[in-house]
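What follows is the content of my_file-v4.pdb, which has PDB, C-alpha atoms:
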```pdb
ATOM      1  CA  MET H 206       0.000   0.000   0.000
ATOM      2  CA  ASN H 207       1.345   3.406  -0.954
ATOM      3  CA  VAL H 208       1.546   5.920   1.855
ATOM      4  CA  ASP H 209       0.946   9.592   1.111
ATOM      5  CA  PRO H 210       4.017  11.459   2.441
ATOM      6  CA  TRP H 211       1.857  14.561   2.846
ATOM      7  CA  ARG H 212      -0.618  12.920   5.202
ATOM      8  CA  LYS H 213      -2.415  15.643   7.087
ATOM      9  CA  PRO H 214      -0.896  15.695  10.613
ATOM     10  CA  CYS H 215      -4.130  16.988  12.114
ATOM     11  CA  ASN H 216      -6.314  14.214  10.787
ATOM     12  CA  PHE H 217      -9.769  15.588  11.441
ATOM     13  CA  GLU H 218     -12.256  18.085  10.140
ATOM     14  CA  TYR H 219     -11.255  21.734  10.160
ATOM     15  CA  PRO H 220     -13.744  23.903  12.093
ATOM     16  CA  PRO H 221     -16.481  24.977   9.664
ATOM     17  CA  SER H 222     -16.403  28.596  10.788
ATOM     18  CA  SER H 223     -13.512  31.030  11.192
ATOM     19  CA  LYS H 224     -15.471  33.141  13.654
ATOM     20  CA  HIS H 225     -13.847  33.551  17.041
ATOM     21  CA  ALA H 226     -15.491  33.563  20.400
ATOM     22  CA  PRO H 227     -16.426  37.002  21.757
ATOM     23  CA  TRP H 228     -14.176  38.665  24.282
ATOM     24  CA  PRO H 229     -15.213  37.935  27.871
ATOM     25  CA  GLU H 230     -16.993  40.799  29.578
ATOM     26  CA  THR H 231     -14.861  42.881  31.914
ATOM     27  CA  SER H 232     -15.638  45.799  34.142
ATOM     28  CA  GLU H 233     -14.882  49.248  32.783
ATOM     29  CA  GLY H 234     -11.188  50.014  32.770
ATOM     30  CA  GLU H 235     -10.205  46.456  33.617
ATOM     31  CA  ASN H 236      -7.061  45.166  31.929
ATOM     32  CA  PRO H 237      -7.253  41.354  31.791
ATOM     33  CA  SER H 238      -4.027  39.841  33.113
ATOM     34  CA  MET H 239      -1.930  37.567  30.949
ATOM     35  CA  ALA H 240      -2.015  35.165  33.883
ATOM     36  CA  THR H 241      -5.641  34.429  33.051
ATOM     37  CA  PHE H 242      -4.396  32.825  29.852
ATOM     38  CA  SER H 243      -3.701  29.645  31.783
ATOM     39  CA  GLU H 244      -7.437  29.024  31.552
ATOM     40  CA  ALA H 245      -7.048  28.749  27.794
ATOM     41  CA  LEU H 246      -4.972  25.602  28.007
ATOM     42  CA  SER H 247      -8.139  23.516  28.113
ATOM     43  CA  PRO H 248     -10.469  25.381  25.738
ATOM     44  CA  PRO H 249     -13.869  23.881  24.935
ATOM     45  CA  THR H 250     -13.533  21.883  21.737
ATOM     46  CA  PRO H 251     -16.407  20.234  19.853
ATOM     47  CA  SER H 252     -16.090  16.478  20.145
ATOM     48  CA  SER H 253     -16.560  16.169  16.400
ATOM     49  CA  ALA H 254     -13.406  18.225  15.820
ATOM     50  CA  LEU H 255     -11.070  15.910  17.706
ATOM     51  CA  PRO H 256      -9.789  12.503  16.649
ATOM     52  CA  SER H 257     -10.575   9.469  18.749
ATOM     53  CA  SER H 258      -7.596   8.723  20.971
ATOM     54  CA  ALA H 259      -8.418   5.010  20.701
ATOM     55  CA  SER H 260      -8.047   4.919  16.912
ATOM     56  CA  THR H 261      -5.843   7.857  15.940
ATOM     57  CA  PRO H 262      -2.222   8.490  17.010
ATOM     58  CA  PRO H 263      -1.257  11.924  18.343
ATOM     59  CA  PRO H 264      -0.933  14.432  15.489
ATOM     60  CA  GLU H 265       2.522  15.339  14.249
ATOM     61  CA  SER H 266       3.660  18.870  14.973
ATOM     62  CA  VAL H 267       3.637  21.379  12.125
ATOM     63  CA  SER H 268       6.123  24.277  12.175
ATOM     64  CA  MET H 269       6.183  27.219   9.778
ATOM     65  CA  ILE H 270       9.306  29.334   9.286
ATOM     66  CA  GLN H 271       8.580  32.563   7.426
ATOM     67  CA  GLY H 272      11.645  34.061   5.722
ATOM     68  CA  ALA H 273      13.519  30.779   5.404
ATOM     69  CA  SER H 274      15.697  31.100   2.296
ATOM     70  CA  ARG H 275      18.869  32.060   4.183
ATOM     71  CA  GLY H 276      20.390  33.165   7.477
ATOM     72  CA  ILE H 277      18.475  32.610  10.693
ATOM     73  CA  GLY H 278      15.311  31.416   8.968
ATOM     74  CA  LEU H 279      17.168  28.750   7.013
ATOM     75  CA  GLU H 280      18.905  27.591  10.185
ATOM     76  CA  PHE H 281      15.557  27.247  11.974
ATOM     77  CA  VAL H 282      14.405  24.931   9.189
ATOM     78  CA  ARG H 283      17.627  22.929   9.298
ATOM     79  CA  GLN H 284      17.586  22.400  13.057
ATOM     80  CA  LEU H 285      13.900  21.508  13.201
ATOM     81  CA  LEU H 286      14.524  18.819  10.583
ATOM     82  CA  GLU H 287      17.866  17.534  11.840
ATOM     83  CA  ASN H 288      17.157  17.553  15.577
ATOM     84  CA  LYS H 289      13.682  16.026  15.481
ATOM     85  CA  GLU H 290      12.790  12.656  14.020
ATOM     86  CA  LYS H 291       9.177  13.618  13.326
ATOM     87  CA  GLY H 292       7.186  16.710  12.513
ATOM     88  CA  LYS H 293       6.436  18.646   9.358
ATOM     89  CA  VAL H 294       8.218  21.897   8.508
ATOM     90  CA  ILE H 295       6.875  24.558   6.164
ATOM     91  CA  ALA H 296       9.495  26.979   4.865
ATOM     92  CA  THR H 297       8.373  30.138   3.106
ATOM     93  CA  CYS H 298      10.316  32.672   1.066
ATOM     94  CA  ARG H 299       9.730  35.086  -1.792
ATOM     95  CA  ASP H 300      11.120  32.872  -4.560
ATOM     96  CA  PRO H 301      11.509  29.155  -3.731
ATOM     97  CA  SER H 302      13.109  28.452  -7.133
ATOM     98  CA  ARG H 303      16.126  30.556  -6.125
ATOM     99  CA  ALA H 304      16.383  29.178  -2.575
ATOM    100  CA  THR H 305      19.080  26.614  -3.349
ATOM    101  CA  ALA H 306      19.863  25.763   0.288
ATOM    102  CA  LEU H 307      16.194  25.084   0.970
ATOM    103  CA  GLN H 308      15.938  22.924  -2.126
ATOM    104  CA  GLU H 309      18.913  20.873  -0.893
ATOM    105  CA  LEU H 310      17.129  20.288   2.402
ATOM    106  CA  LYS H 311      14.003  19.371   0.481
ATOM    107  CA  SER H 312      15.849  16.639  -1.395
ATOM    108  CA  LYS H 313      17.007  15.182   1.917
ATOM    109  CA  TYR H 314      13.761  15.587   3.855
ATOM    110  CA  PHE H 315      11.279  15.326   0.982
ATOM    111  CA  ASP H 316       8.579  13.770   3.170
ATOM    112  CA  ARG H 317       8.834  16.363   5.967
ATOM    113  CA  LEU H 318       9.684  19.706   4.320
ATOM    114  CA  ASP H 319       7.315  21.792   2.239
ATOM    115  CA  ILE H 320       8.389  25.061   0.582
ATOM    116  CA  LEU H 321       5.854  27.788  -0.207
ATOM    117  CA  ALA H 322       6.139  31.183  -1.885
ATOM    118  CA  LEU H 323       5.336  34.032   0.501
ATOM    119  CA  ASP H 324       6.271  37.706   0.261
ATOM    120  CA  VAL H 325       5.458  39.719   3.392
ATOM    121  CA  THR H 326       4.854  42.800   1.232
ATOM    122  CA  ASN H 327       2.210  40.958  -0.820
ATOM    123  CA  GLU H 328      -0.849  40.093   1.263
ATOM    124  CA  ASN H 329      -2.248  37.791  -1.431
ATOM    125  CA  THR H 330       0.735  35.445  -1.094
ATOM    126  CA  ILE H 331       0.227  35.307   2.678
ATOM    127  CA  GLN H 332      -3.416  34.357   2.277
ATOM    128  CA  GLU H 333      -2.581  31.782  -0.401
ATOM    129  CA  SER H 334      -0.007  30.190   1.890
ATOM    130  CA  ALA H 335      -2.551  29.990   4.709
ATOM    131  CA  ASN H 336      -5.045  28.308   2.383
ATOM    132  CA  SER H 337      -2.419  25.819   1.217
ATOM    133  CA  ILE H 338      -1.423  24.955   4.796
ATOM    134  CA  LYS H 339      -5.075  24.588   5.808
ATOM    135  CA  GLU H 340      -5.722  22.182   2.924
ATOM    136  CA  ARG H 341      -2.619  20.073   3.469
ATOM    137  CA  TYR H 342      -1.974  20.162   7.222
ATOM    138  CA  LYS H 343      -5.110  21.602   8.854
ATOM    139  CA  CYS H 344      -3.143  23.268  11.677
ATOM    140  CA  LEU H 345       0.084  24.873  12.909
ATOM    141  CA  ASN H 346       1.918  24.354  16.196
ATOM    142  CA  LEU H 347       4.726  26.857  15.667
ATOM    143  CA  LEU H 348       5.086  30.006  13.586
ATOM    144  CA  VAL H 349       8.453  31.785  13.453
ATOM    145  CA  ASN H 350       8.568  35.121  11.622
ATOM    146  CA  THR H 351      12.205  35.809  10.721
ATOM    147  CA  SER H 352      12.125  38.124   7.697
ATOM    148  CA  GLY H 353      13.494  41.597   8.256
ATOM    149  CA  VAL H 354      15.276  44.449   6.520
ATOM    150  CA  LEU H 355      18.046  46.671   7.863
ATOM    151  CA  SER H 356      19.853  47.890   4.766
ATOM    152  CA  ILE H 357      19.542  47.676   0.984
ATOM    153  CA  PRO H 358      22.359  49.221  -1.085
ATOM    154  CA  GLY H 359      21.115  52.356  -2.762
ATOM    155  CA  VAL H 360      17.691  52.068  -1.143
ATOM    156  CA  LEU H 361      17.906  51.833   2.648
ATOM    157  CA  GLN H 362      20.705  52.514   5.100
ATOM    158  CA  PRO H 363      20.606  52.785   8.920
ATOM    159  CA  GLU H 364      20.379  56.513   9.632
ATOM    160  CA  THR H 365      23.068  57.970  11.892
ATOM    161  CA  SER H 366      21.275  61.334  12.020
ATOM    162  CA  LEU H 367      17.729  62.651  11.824
ATOM    163  CA  THR H 368      18.847  64.631   8.767
ATOM    164  CA  LYS H 369      19.229  61.341   6.867
ATOM    165  CA  VAL H 370      15.740  60.043   7.587
ATOM    166  CA  GLU H 371      13.556  59.585   4.514
ATOM    167  CA  LYS H 372       9.884  58.726   4.338
ATOM    168  CA  SER H 373      10.504  55.876   1.901
ATOM    169  CA  SER H 374      12.984  54.247   4.301
ATOM    170  CA  LEU H 375      10.609  54.521   7.250
ATOM    171  CA  MET H 376       7.719  53.040   5.291
ATOM    172  CA  LEU H 377       9.765  50.195   3.794
ATOM    173  CA  ALA H 378      11.188  49.149   7.160
ATOM    174  CA  TYR H 379       7.731  49.322   8.748
ATOM    175  CA  GLU H 380       6.162  47.259   5.951
ATOM    176  CA  VAL H 381       8.730  44.467   6.105
ATOM    177  CA  ASN H 382       9.605  44.399   9.815
ATOM    178  CA  ALA H 383       6.229  45.100  11.416
ATOM    179  CA  VAL H 384       3.301  44.886   8.988
ATOM    180  CA  GLY H 385       4.467  41.678   7.295
ATOM    181  CA  PRO H 386       4.790  39.490  10.411
ATOM    182  CA  THR H 387       1.499  40.877  11.729
ATOM    183  CA  LEU H 388      -0.373  39.933   8.554
ATOM    184  CA  VAL H 389       1.196  36.468   8.630
ATOM    185  CA  THR H 390      -0.055  36.089  12.203
ATOM    186  CA  LYS H 391      -3.518  37.263  11.157
ATOM    187  CA  TYR H 392      -3.914  34.658   8.413
ATOM    188  CA  MET H 393      -2.294  31.795  10.354
ATOM    189  CA  TRP H 394      -4.371  32.483  13.485
ATOM    190  CA  PRO H 395      -7.098  29.846  12.850
ATOM    191  CA  LEU H 396      -4.431  27.229  12.082
ATOM    192  CA  LEU H 397      -2.490  28.072  15.243
ATOM    193  CA  LYS H 398      -5.675  27.960  17.300
ATOM    194  CA  LEU H 399      -6.419  24.442  16.121
ATOM    195  CA  GLY H 400      -2.808  23.413  16.633
ATOM    196  CA  GLY H 401      -2.938  24.596  20.224
ATOM    197  CA  GLN H 402      -6.229  22.843  20.892
ATOM    198  CA  THR H 403      -4.896  19.515  19.663
ATOM    199  CA  ASP H 404      -1.353  19.612  21.046
ATOM    200  CA  PRO H 405      -1.206  16.598  23.406
ATOM    201  CA  GLU H 406       1.617  18.033  25.529
ATOM    202  CA  LYS H 407       1.851  21.829  25.558
ATOM    203  CA  LYS H 408      -1.854  22.511  24.988
ATOM    204  CA  PHE H 409      -0.913  25.712  23.141
ATOM    205  CA  SER H 410       0.840  26.825  19.965
ATOM    206  CA  VAL H 411       3.655  29.394  19.725
ATOM    207  CA  ILE H 412       4.260  32.470  17.604
ATOM    208  CA  ALA H 413       7.871  33.677  17.755
ATOM    209  CA  ASN H 414       8.674  37.000  16.094
ATOM    210  CA  LEU H 415      12.306  37.979  15.658
ATOM    211  CA  SER H 416      12.804  41.436  17.127
ATOM    212  CA  ALA H 417      16.025  43.146  18.222
ATOM    213  CA  ARG H 418      17.527  44.693  21.322
ATOM    214  CA  VAL H 419      17.625  48.058  19.520
ATOM    215  CA  SER H 420      13.804  47.949  19.454
ATOM    216  CA  SER H 421      13.699  48.617  23.181
ATOM    217  CA  ILE H 422      12.946  52.208  24.188
ATOM    218  CA  GLY H 423      14.161  51.567  27.721
ATOM    219  CA  ASP H 424      17.439  50.100  26.481
ATOM    220  CA  ASN H 425      18.079  52.819  23.889
ATOM    221  CA  GLY H 426      21.150  54.735  24.972
ATOM    222  CA  LEU H 427      22.710  55.503  21.577
ATOM    223  CA  GLY H 428      19.925  56.643  19.234
ATOM    224  CA  GLY H 429      20.236  56.430  15.464
ATOM    225  CA  TRP H 430      19.001  53.667  13.140
ATOM    226  CA  HIS H 431      15.627  55.412  13.117
ATOM    227  CA  SER H 432      13.811  53.259  10.557
ATOM    228  CA  TYR H 433      15.023  49.909  11.871
ATOM    229  CA  ARG H 434      14.580  50.756  15.556
ATOM    230  CA  ALA H 435      11.102  52.183  15.105
ATOM    231  CA  SER H 436       9.887  49.322  12.900
ATOM    232  CA  LYS H 437      11.029  46.702  15.398
ATOM    233  CA  THR H 438       9.480  48.705  18.233
ATOM    234  CA  ALA H 439       6.230  48.648  16.249
ATOM    235  CA  LEU H 440       6.581  44.865  15.883
ATOM    236  CA  ASN H 441       6.912  44.601  19.662
ATOM    237  CA  GLN H 442       3.707  46.552  20.214
ATOM    238  CA  LEU H 443       1.755  44.635  17.580
ATOM    239  CA  THR H 444       2.933  41.326  19.037
ATOM    240  CA  LYS H 445       1.988  42.420  22.552
ATOM    241  CA  ASN H 446      -1.467  43.390  21.252
ATOM    242  CA  ALA H 447      -1.887  39.950  19.688
ATOM    243  CA  ALA H 448      -0.807  38.255  22.917
ATOM    244  CA  LEU H 449      -3.387  40.223  24.912
ATOM    245  CA  GLU H 450      -6.136  39.528  22.385
ATOM    246  CA  PHE H 451      -5.432  35.795  22.379
ATOM    247  CA  ALA H 452      -5.515  35.832  26.181
ATOM    248  CA  ARG H 453      -8.853  37.675  26.312
ATOM    249  CA  ARG H 454     -10.340  35.259  23.806
ATOM    250  CA  LYS H 455      -8.813  32.338  25.710
ATOM    251  CA  GLU H 456      -7.103  31.148  22.554
ATOM    252  CA  PRO H 457      -4.402  28.475  23.091
ATOM    253  CA  ILE H 458      -1.680  30.607  21.477
ATOM    254  CA  ILE H 459       1.255  32.441  23.037
ATOM    255  CA  CYS H 460       3.415  35.137  21.394
ATOM    256  CA  LEU H 461       7.136  35.604  21.958
ATOM    257  CA  LEU H 462       9.542  38.301  20.808
ATOM    258  CA  LEU H 463      13.133  37.121  20.411
ATOM    259  CA  HIS H 464      16.430  38.981  20.054
ATOM    260  CA  PRO H 465      18.873  36.608  18.318
ATOM    261  CA  GLY H 466      21.993  38.599  19.143
ATOM    262  CA  THR H 467      24.306  39.843  16.409
ATOM    263  CA  VAL H 468      24.425  36.927  13.999
ATOM    264  CA  ASP H 469      26.844  36.411  11.120
ATOM    265  CA  THR H 470      24.308  36.810   8.294
ATOM    266  CA  ASP H 471      23.895  39.014   5.238
ATOM    267  CA  LEU H 472      21.809  41.442   7.317
ATOM    268  CA  SER H 473      24.646  42.184   9.748
ATOM    269  CA  LYS H 474      27.693  41.928   7.449
ATOM    270  CA  PRO H 475      28.012  45.680   6.710
ATOM    271  CA  PHE H 476      28.141  46.397  10.463
ATOM    272  CA  GLN H 477      30.210  43.565  11.902
ATOM    273  CA  ARG H 478      33.402  45.595  12.364
ATOM    274  CA  SER H 479      31.940  47.300  15.417
ATOM    275  CA  VAL H 480      30.799  44.061  17.083
ATOM    276  CA  PRO H 481      32.840  43.247  20.241
ATOM    277  CA  GLU H 482      34.942  40.096  20.179
ATOM    278  CA  GLY H 483      32.927  37.032  21.089
ATOM    279  CA  LYS H 484      29.588  38.747  20.407
ATOM    280  CA  LEU H 485      29.205  37.776  16.747
ATOM    281  CA  PHE H 486      27.266  34.523  16.779
ATOM    282  CA  THR H 487      26.875  31.844  14.157
ATOM    283  CA  ALA H 488      23.332  31.210  12.974
ATOM    284  CA  GLN H 489      23.616  27.685  14.364
ATOM    285  CA  TYR H 490      24.429  28.926  17.876
ATOM    286  CA  SER H 491      21.753  31.641  17.895
ATOM    287  CA  VAL H 492      18.969  29.395  16.620
ATOM    288  CA  GLN H 493      19.897  26.686  19.090
ATOM    289  CA  LYS H 494      19.423  29.221  21.891
ATOM    290  CA  LEU H 495      16.175  30.594  20.434
ATOM    291  CA  LEU H 496      14.667  27.132  19.997
ATOM    292  CA  SER H 497      15.447  26.412  23.625
ATOM    293  CA  ILE H 498      13.443  29.505  24.640
ATOM    294  CA  ILE H 499      10.562  28.498  22.373
ATOM    295  CA  GLU H 500      10.452  24.921  23.609
ATOM    296  CA  THR H 501      10.441  25.904  27.292
ATOM    297  CA  ALA H 502       8.066  28.880  26.962
ATOM    298  CA  LYS H 503       5.083  29.180  29.314
ATOM    299  CA  PRO H 504       1.804  31.064  28.926
ATOM    300  CA  SER H 505       3.106  33.677  31.378
ATOM    301  CA  ASP H 506       5.891  34.490  28.875
ATOM    302  CA  SER H 507       3.423  35.596  26.212
ATOM    303  CA  GLY H 508       3.933  39.152  24.962
ATOM    304  CA  LYS H 509       7.472  39.440  26.356
ATOM    305  CA  LEU H 510      10.791  40.211  24.643
ATOM    306  CA  PHE H 511      13.682  37.836  25.364
ATOM    307  CA  ALA H 512      17.334  37.921  24.391
ATOM    308  CA  TRP H 513      19.067  34.868  22.949
ATOM    309  CA  ASP H 514      20.243  33.871  26.432
ATOM    310  CA  GLY H 515      16.715  33.815  27.833
ATOM    311  CA  GLN H 516      17.010  37.126  29.683
ATOM    312  CA  PRO H 517      14.050  39.516  29.381
ATOM    313  CA  ILE H 518      14.715  42.852  27.668
ATOM    314  CA  PRO H 519      12.984  45.972  29.048
ATOM    315  CA  TRP H 520      10.539  47.720  26.733
TER     316      TRP H 520
END
```

Would you put the structure from the file into C-alpha cells?
Amino acid sequence: MNVDPWRKPCNFEYPPSSKHAPWPETSEGENPSMATFSEALSPPTPSSALPSSASTPPPESVSMIQGASRGIGLEFVRQLLENKEKGKVIATCRDPSRATALQELKSKYFDRLDILALDVTNENTIQESANSIKERYKCLNLLVNTSGVLSIPGVLQPETSLTKVEKSSLMLAYEVNAVGPTLVTKYMWPLLKLGGQTDPEKKFSVIANLSARVSSIGDNGLGGWHSYRASKTALNQLTKNAALEFARRKEPIICLLLHPGTVDTDLSKPFQRSVPEGKLFTAQYSVQKLLSIIETAKPSDSGKLFAWDGQPIPW
C-alpha cells in the first residue's frame, strides 16, 4: 500500500467557521491579566473536531518558518529537521526556485519539508499560503517570523542622524519588519488555534517573532538607526497586542519576541566591524538558543521580549 508522504498531521475536520469567540466581559477600565491565559490551556472543543484517541495516534507537529531562504530562517528549518525525528516543517520565502539551500534540504527531507512562496509585502501570497497549509496540514503548532530588513544598497541605510531620515525608508522598514509578520499572524491564526487545541503536551501553539535589542525604548542609549529601531518597536507593540487579544479570547496561542543577538548573516555583514569580540554569533548557535526559549516557553511568557540567552529585555 502506498503511503501519502503529505498525510495531514491533524487528521480531522477543520472547524467549519472562522469566527472567534467574543471577548469575555470585563468591568470598565479592567485590563485582563496575561495570567488568566492559563485558563485557555483547556479550551472547549467540539467532540466532532477531535480525533478518537483510541483509533488515531497523536498528530505530528507542524512548524512554519517565514523568511527561510537564508540566514536565521534557514537555520531554523535545518535544526527543526535535523534535531527532530518527526514533525512537518513549512518553509516560506519570496522565490523558492532561487532558494538553493532550501531545495537541498528538500531533497534530503522530501517527506517532511514543504516550501511555499510568501512575500510579506504581498498580502495575497500570505493568504494563499494559509489556504495551502489549511488544505494540506489543517493546523500549525509553531510560527516563526524571521524576515526583516536593515539595509539595501542604494535604497535603505541605517540613519546615523535625523537629517538622513527619509519617508521611503521609514515606510519600507515598517512594511517588512512590522506589517508583514502581523499579517502572517492574522492569516495563520485559525491554524495556530487548532494546533494549540490539539497539542497533546503543551496545549498551546507558539508564535515567535524575531525582534532586536535596539527595538527597546528603555534600552536605547545611543539613538540612530531610526527606521530599523522604530519598525522593530512597532513589531513589539503589535505582538503584545496579539498576545493580549489571544488571552482575552482564551485562545491556546502564546506570542514571543526574540532577540537573536548579532548573527553572522547578510543582514549584519556591513556592520560587523563594530561588534565586540565574542559577540558575533553563528546562525547555528543563535537558533539553538532561540529554539530552547521556544520549547520551554510558558503562557506567562506571552507578549514578552527575550534575548538569545533567555534574559528579558525591558521595553

Residues within 7 Å of (15.6, 18.7, 5.4), file coords, only C-alpha atoms, listed as a list in words: Arg283, Leu286, Glu287, Leu310, Lys311, Lys313, Tyr314 and Leu318 of chain H

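For the structure shown here, the set of residues caught by the PyMOL selection byres ((chain H and resi 350) around 6) is Gln271, Val349, Thr351, Pro386 and Asn414 of chain H.
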
Test item: the PyMOL selection byres ((chain H and resi 320) around 9) resolved as an MDAnalysis selection string: chainID H and resid 294:298 301 307:308 311 318:319 321:322

Shell of 10 Å around H:Ser366, all atoms listed in the file, local chain residues under 3 positions omitted, as a list of chain:residue names: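 Neighbouring residues, sequence-local ones excluded: H:Pro363, H:Lys369, H:Val370, H:Gly428, H:Gly429, H:Trp430, H:His431.
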
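Of the listed residues H:Ser416, H:Asp324, H:Ser334, H:Arg434, the one whose atoms come nearest to H:Leu510 is H:Ser416, with distances taken using all atoms listed in the file.
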